[in-house]
Amino acid sequence: MASRFDNPDFVRTVLEELPTGIYIVDREQRIRFWNRGAEYIIGHLSQEVVGHIYTEHIVDACDAYGQTLDDDHSPIALTLRDGQPRQIIAHFLHKEGHRVPVAIRCRPIIRSENTIEGAIVLFEEAAESRGDSGEISLYGCLDAVTGIPAHRLTRALLAESIVGMEESHRGFGLLRIRVLGIDEFRSRHGPHSIAPFLRTTANTLRHSLDSVNFLGRWGEDEFIVVLPSSNPVATAAAANMIWSQVTSSEVRWWGDRFPIQAVVMHTVAQPGDKLEKLLNELDPAHAAAAGRAVGMTAGDSQPAERAASATPRG
């Protein structure tokens, strides 16, 4: 009697149901298979992508600093070219617009000697991702729009961090992220239109940060990140990485794709610093004193108010 494992339909069903993302492309880079794991991790359904070239706004990958993986750096393009397996960490653009760090393994499909028929890609959310961290829900303390700690809880955490710093004599990194163009977009599209920009920014931040870091809401268009026991170099690097990931995210609004624009400022709290002093240093009006404002041009004390949204992507 034939085994179920000899049945191609059974094997396909097993691959379909795996939580690991799997997709297969042919020699022309068209997607021929897309499983449930891929649907879950980056949001696109199988019927939306099979038959399309994978780079057609489907598999939009960049590195940690927002640089798109072109044909000279894309593991799929390189594997199709030389037949060599590859393994990298990249950041996929989710269908909802936020970035998700993934561990990618790409292998060639070779039917006969020296003939590359296509490639198979396996990917999983990278270990540092916080998108599904299982955090305990804090009733009344989470922001209704983004699901992260609201302003009140964020302020309490900052105060607690100051107290802990004085006891341990170890500083911490502090980032302040502001989404640009919120008022302009709201005036054009209505009061509820800004929620997708805030949710997408929060999701990108959650996926970009390590689980030991704290992320919370601050102002209407602002977020705060606390980096425990961080130093100036690590904090500056984190600020650059966060800015790159947020500004390579996007929002889809009535069929148009709007890039998110943001400014990120950073500093390192040291023993003796007071909360209000740190917050004043992080204010955009004092960006030069607070440290580098990622996303500002040289000489600017205020970030240019380019709407997160003013112009949709093509």
# chains A, B, ... in the order shown; residues from 1 in each chain; ligands from 1
call {"tool": "residues_around", "arguments": {"residues": "Ala150 (chain A)", "least_positions_apart": "2", "cutoff": "8 Å", "atoms": "only C-alpha atoms", "output": "MDAnalysis selection string"}}
result
chainID A and resid 141:143 148 152:154 216:218
call {"tool": "residues_around", "arguments": {"residues": "region 161-170 of chain A", "least_positions_apart": "6", "cutoff": "12 Å", "atoms": "only C-alpha atoms", "output": "list in words"}}
result
Thr154, Arg155, Asn213, Phe214, Val225, Val226, Leu227, Pro228, Ser229, Ser230, Asn231, Val268, Ala269, Gln270, Pro271, Gly272, Asp273, Lys274, Leu275, Glu276, Lys277 and Leu278 of chain A
call {"tool": "write_last_selection", "arguments": {"atoms": "N, CA and C atoms", "output": "compact mmCIF listing (two decimals), in the first residue's frame"}}
result
# COMPACT_ATOMS: atom_id res chain seq x y z
N THR A 154 3.96 55.57 29.99
CA THR A 154 5.29 55.91 29.49
C THR A 154 6.00 56.89 30.44
N ARG A 155 5.27 57.90 30.91
CA ARG A 155 5.86 58.86 31.85
C ARG A 155 6.26 58.17 33.15
N ASN A 213 13.90 46.51 25.45
CA ASN A 213 13.67 47.94 25.32
C ASN A 213 12.20 48.27 25.57
N PHE A 214 11.95 49.52 25.94
CA PHE A 214 10.58 49.97 26.21
C PHE A 214 10.13 50.91 25.10
N VAL A 225 11.25 55.74 23.22
CA VAL A 225 11.92 54.44 23.38
C VAL A 225 12.98 54.58 24.46
N VAL A 226 13.01 53.64 25.41
CA VAL A 226 14.04 53.60 26.44
C VAL A 226 14.92 52.40 26.18
N LEU A 227 16.23 52.66 26.09
CA LEU A 227 17.23 51.61 25.85
C LEU A 227 18.03 51.41 27.12
N PRO A 228 17.76 50.37 27.92
CA PRO A 228 18.45 50.19 29.20
C PRO A 228 19.96 50.01 29.02
N SER A 229 20.70 50.62 29.92
CA SER A 229 22.16 50.44 29.99
C SER A 229 22.85 50.69 28.65
N SER A 230 22.36 51.68 27.90
CA SER A 230 22.93 51.96 26.59
C SER A 230 24.02 53.03 26.71
N ASN A 231 24.91 53.06 25.72
CA ASN A 231 25.95 54.08 25.67
C ASN A 231 25.70 54.99 24.47
N VAL A 268 21.59 60.21 25.86
CA VAL A 268 21.85 59.21 26.90
C VAL A 268 21.72 59.88 28.25
N ALA A 269 20.82 59.35 29.08
CA ALA A 269 20.64 59.88 30.44
C ALA A 269 21.79 59.44 31.32
N GLN A 270 22.30 60.35 32.13
CA GLN A 270 23.40 60.07 33.04
C GLN A 270 22.96 60.37 34.47
N PRO A 271 23.57 59.72 35.47
CA PRO A 271 23.23 60.01 36.87
C PRO A 271 23.26 61.50 37.14
N GLY A 272 22.23 61.98 37.80
CA GLY A 272 22.11 63.40 38.09
C GLY A 272 21.14 64.11 37.16
N ASP A 273 20.85 63.50 35.99
CA ASP A 273 19.89 64.11 35.07
C ASP A 273 18.47 64.02 35.64
N LYS A 274 17.67 65.01 35.36
CA LYS A 274 16.28 65.03 35.77
C LYS A 274 15.40 64.79 34.54
N LEU A 275 14.23 64.21 34.79
CA LEU A 275 13.35 63.84 33.69
C LEU A 275 13.00 65.02 32.81
N GLU A 276 12.58 66.14 33.42
CA GLU A 276 12.17 67.28 32.62
C GLU A 276 13.33 67.84 31.80
N LYS A 277 14.54 67.78 32.37
CA LYS A 277 15.72 68.26 31.63
C LYS A 277 15.95 67.39 30.39
N LEU A 278 15.84 66.08 30.56
CA LEU A 278 16.02 65.18 29.42
C LEU A 278 14.97 65.43 28.34
call {"tool": "select_by_dssp", "arguments": {"residues": "region 53-110 of chain A", "states": "strand (DSSP E or B)", "output": "list of chain:residue names"}}
result
A:Ile53, A:Ala61, A:Cys62, A:Thr68, A:Arg86, A:Gln87, A:Ile88, A:Ile89, A:Ala90, A:His91, A:Phe92, A:Leu93, A:Arg99, A:Val100, A:Pro101, A:Val102, A:Ala103, A:Ile104, A:Arg105, A:Cys106, A:Arg107, A:Pro108, A:Ile109, A:Ile110
call {"tool": "select_by_dssp", "arguments": {"residues": "region 135-217 of chain A", "states": "helix (DSSP H, G or I)", "output": "PyMOL selection string"}}
result
chain A and resi 151-168+182-189+195-208
call {"tool": "atom_distance", "arguments": {"atom1": "CA of Val50 (chain A)", "atom2": "CA of Phe33 (chain A)"}}
result
6.3 Å
call {"tool": "closest_residue", "arguments": {"among": "A:Phe10, A:Tyr65, A:Phe123, A:Trp254", "to": "Glu39 (chain A)", "atoms": "only C-alpha atoms"}}
result
A:Phe123
